[in-house]
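Below: one structure, written as structure tokens.
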Amino acid sequence: QLGVDVIALGEHHRPEYSISTPETVLAAIAARTDRIRLASGVTVLSSDDPVRVFQRFATVDAISRGRAEVILGRGSFTESFPLFGYDLSDYDVLFEEKLELFVRLLDEKPVSWTGTTRAALDDVEVFPKTESGRLPTWVGVGGSPQSVVRTARYGLPLMLAIIGGNPQRFAPYVELYQRAADQLGTRAHPVGMHSPGFVADSDEQAKEVFYPSYKVIRDRIGRQRGWPPLRQAEFDHEVAEGSLYVGSPETVARKIALAAGGLGVGRFDLIYTAGAQPASARMRAVELFGTKVMPLVRDILEG
């Protein structure tokens, strides 16, 4: 209703997050909507089975009449590996092999594949098919040059997870993706980016609502990863110069336009659920994002 183009739901297996199977929730959304595109953000392919991932999202695609897409990644957490019986020492080979198989499944033809991480397939046809004949598929990358080149090698769109620091530091990755696709003879799609943020009626209100619960989740994760507690000054700097898009519609729109325009990306996903902000404030954030931020960003970039 607000004109937002896509909703992307992440896969997590931790107490801070409510969704462990994005495609289940996306199917429920599909039954109640007509236009919005339905994506994962991301699906942790390394600890899942590529055939089952394809089947589940092809089913969401059917329920939604062609609105499903999947963003594949290794995930920013590792809980899914021991949960589903995978060894973290196989981190790289799991994603490499499973992505290779998934890309073959996208052709929706009989598949033959051999690897070390699952049973081989010999001329096997996988169902259901999609009406369009190809499930839209991105690869989410957090900053590894090898991952960028791999995405280009398979001719898939690149989604950059930019969750800290100045977004312009990712410009070399956009250039690498385009250069690799050219050298490998594949297609370089428009690049996307997703970053956390929060929109309220004023800059002060946005910070006041967002910061306390964001600090709770940031410090909880930080203790596990050896990070120091988040300080107010660090938060303020990230809002002003980094990759936190927190503020009024005008402030957030200007910052998104600056980042997206500077990087030359074609899609921006706002992560608006970083912390336990009140549901009413989140609903207001989505309303402001759809009715004010998005039109302002388009005006700035087109101007």
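For the structure tokens, the naming scheme is as follows: chains receive sequential letters (A, B, ...) according to their order of presentation, residues are indexed from 1 within each chain, and ligands are indexed from 1 in presentation order.
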
Backbone DSSP call of strand (DSSP E) for stretch 48-178 of chain A, listed as a VMD selection string: chain A and resid 68 to 73 111 to 113 121 to 124 137 to 141 158 to 161

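Within 10 Å of A:Gly41, once only C-alpha atoms are used and residues closer than 6 positions along the same chain are dropped, the contacting residues are Ile7, Ala8, Leu9, Gly10, Glu11, Pro22, Glu69, Val70, Ile71, Leu72, Gly73, Gly75, Trp138, Val139, Gly140, Met159, Ala161, His194, Asp269 and Ile271 of chain A.
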
What does the file look like for those residues with N, CA, C and O atoms, as a JSON list (two decimals), in the first residue's frame?
```json
[["chain", "number", "residue", "atom", "x", "y", "z"],
["A", 7, "ILE", "N", 10.11, -6.85, 0.22],
["A", 7, "ILE", "CA", 10.39, -7.16, 1.62],
["A", 7, "ILE", "C", 11.30, -8.38, 1.64],
["A", 7, "ILE", "O", 11.04, -9.38, 0.96],
["A", 8, "ALA", "N", 12.40, -8.29, 2.37],
["A", 8, "ALA", "CA", 13.38, -9.38, 2.46],
["A", 8, "ALA", "C", 13.50, -9.81, 3.91],
["A", 8, "ALA", "O", 13.74, -8.98, 4.80],
["A", 9, "LEU", "N", 13.34, -11.10, 4.16],
["A", 9, "LEU", "CA", 13.38, -11.65, 5.51],
["A", 9, "LEU", "C", 14.61, -12.54, 5.68],
["A", 9, "LEU", "O", 14.85, -13.43, 4.89],
["A", 10, "GLY", "N", 15.36, -12.29, 6.75],
["A", 10, "GLY", "CA", 16.57, -13.06, 6.99],
["A", 10, "GLY", "C", 16.31, -14.37, 7.68],
["A", 10, "GLY", "O", 15.27, -14.56, 8.33],
["A", 11, "GLU", "N", 17.25, -15.29, 7.54],
["A", 11, "GLU", "CA", 17.21, -16.58, 8.24],
["A", 11, "GLU", "C", 18.17, -16.53, 9.42],
["A", 11, "GLU", "O", 19.37, -16.28, 9.24],
["A", 22, "PRO", "N", 12.48, -18.13, 6.42],
["A", 22, "PRO", "CA", 11.89, -16.99, 5.72],
["A", 22, "PRO", "C", 10.80, -17.37, 4.72],
["A", 22, "PRO", "O", 9.79, -16.68, 4.60],
["A", 69, "GLU", "N", 11.89, -14.13, -4.83],
["A", 69, "GLU", "CA", 13.30, -14.13, -5.18],
["A", 69, "GLU", "C", 14.08, -14.60, -3.96],
["A", 69, "GLU", "O", 13.61, -14.49, -2.83],
["A", 70, "VAL", "N", 15.27, -15.12, -4.19],
["A", 70, "VAL", "CA", 16.08, -15.63, -3.10],
["A", 70, "VAL", "C", 17.43, -14.93, -3.12],
["A", 70, "VAL", "O", 18.00, -14.71, -4.20],
["A", 71, "ILE", "N", 17.91, -14.55, -1.95],
["A", 71, "ILE", "CA", 19.27, -14.02, -1.80],
["A", 71, "ILE", "C", 20.05, -15.06, -1.02],
["A", 71, "ILE", "O", 19.76, -15.33, 0.15],
["A", 72, "LEU", "N", 21.01, -15.67, -1.68],
["A", 72, "LEU", "CA", 21.80, -16.74, -1.08],
["A", 72, "LEU", "C", 23.05, -16.17, -0.41],
["A", 72, "LEU", "O", 23.65, -15.23, -0.93],
["A", 73, "GLY", "N", 23.42, -16.74, 0.71],
["A", 73, "GLY", "CA", 24.63, -16.28, 1.38],
["A", 73, "GLY", "C", 25.12, -17.29, 2.39],
["A", 73, "GLY", "O", 24.51, -18.34, 2.60],
["A", 75, "GLY", "N", 25.61, -16.21, 5.49],
["A", 75, "GLY", "CA", 25.04, -15.72, 6.73],
["A", 75, "GLY", "C", 26.08, -15.02, 7.59],
["A", 75, "GLY", "O", 27.29, -15.27, 7.48],
["A", 138, "TRP", "N", 19.91, -13.76, -6.10],
["A", 138, "TRP", "CA", 21.05, -12.89, -5.79],
["A", 138, "TRP", "C", 22.03, -13.66, -4.92],
["A", 138, "TRP", "O", 21.69, -14.67, -4.31],
["A", 139, "VAL", "N", 23.25, -13.14, -4.81],
["A", 139, "VAL", "CA", 24.21, -13.63, -3.82],
["A", 139, "VAL", "C", 24.56, -12.48, -2.89],
["A", 139, "VAL", "O", 24.99, -11.41, -3.33],
["A", 140, "GLY", "N", 24.36, -12.70, -1.58],
["A", 140, "GLY", "CA", 24.71, -11.69, -0.60],
["A", 140, "GLY", "C", 26.17, -11.82, -0.20],
["A", 140, "GLY", "O", 26.64, -12.91, 0.13],
["A", 159, "MET", "N", 24.43, -8.64, -4.07],
["A", 159, "MET", "CA", 23.84, -7.83, -3.01],
["A", 159, "MET", "C", 24.90, -7.62, -1.93],
["A", 159, "MET", "O", 25.34, -8.57, -1.29],
["A", 161, "ALA", "N", 26.18, -6.51, 1.61],
["A", 161, "ALA", "CA", 25.76, -6.27, 2.98],
["A", 161, "ALA", "C", 26.71, -5.24, 3.59],
["A", 161, "ALA", "O", 27.84, -5.58, 3.96],
["A", 194, "HIS", "N", 22.34, -3.56, 1.13],
["A", 194, "HIS", "CA", 21.42, -3.41, 2.25],
["A", 194, "HIS", "C", 22.18, -3.00, 3.50],
["A", 194, "HIS", "O", 23.31, -3.44, 3.73],
["A", 269, "ASP", "N", 18.15, -1.85, 0.16],
["A", 269, "ASP", "CA", 17.27, -2.47, 1.15],
["A", 269, "ASP", "C", 17.60, -1.91, 2.52],
["A", 269, "ASP", "O", 18.75, -1.98, 2.96],
["A", 271, "ILE", "N", 17.47, -2.27, 6.38],
["A", 271, "ILE", "CA", 17.23, -3.23, 7.48],
["A", 271, "ILE", "C", 16.63, -2.44, 8.64],
["A", 271, "ILE", "O", 17.34, -1.71, 9.33]]
```

Proximity to A:Ile163 - best of A:Thr78, A:Ser202, A:Thr130, A:Ser243, only C-alpha atoms: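 For A:Ile163, the nearest of the given residues is A:Ser243.
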
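The space between atom CA of A:Arg254 and atom CA of A:Arg218 spans 25.3 Å.
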
Give the helix (DSSP H, G or I) residues of stretch 113-278 of chain A, as assigned by DSSP on the backbone, as a PyMOL selection string. chain A and resi 145-153+167-184+203-225+232-241+249-263
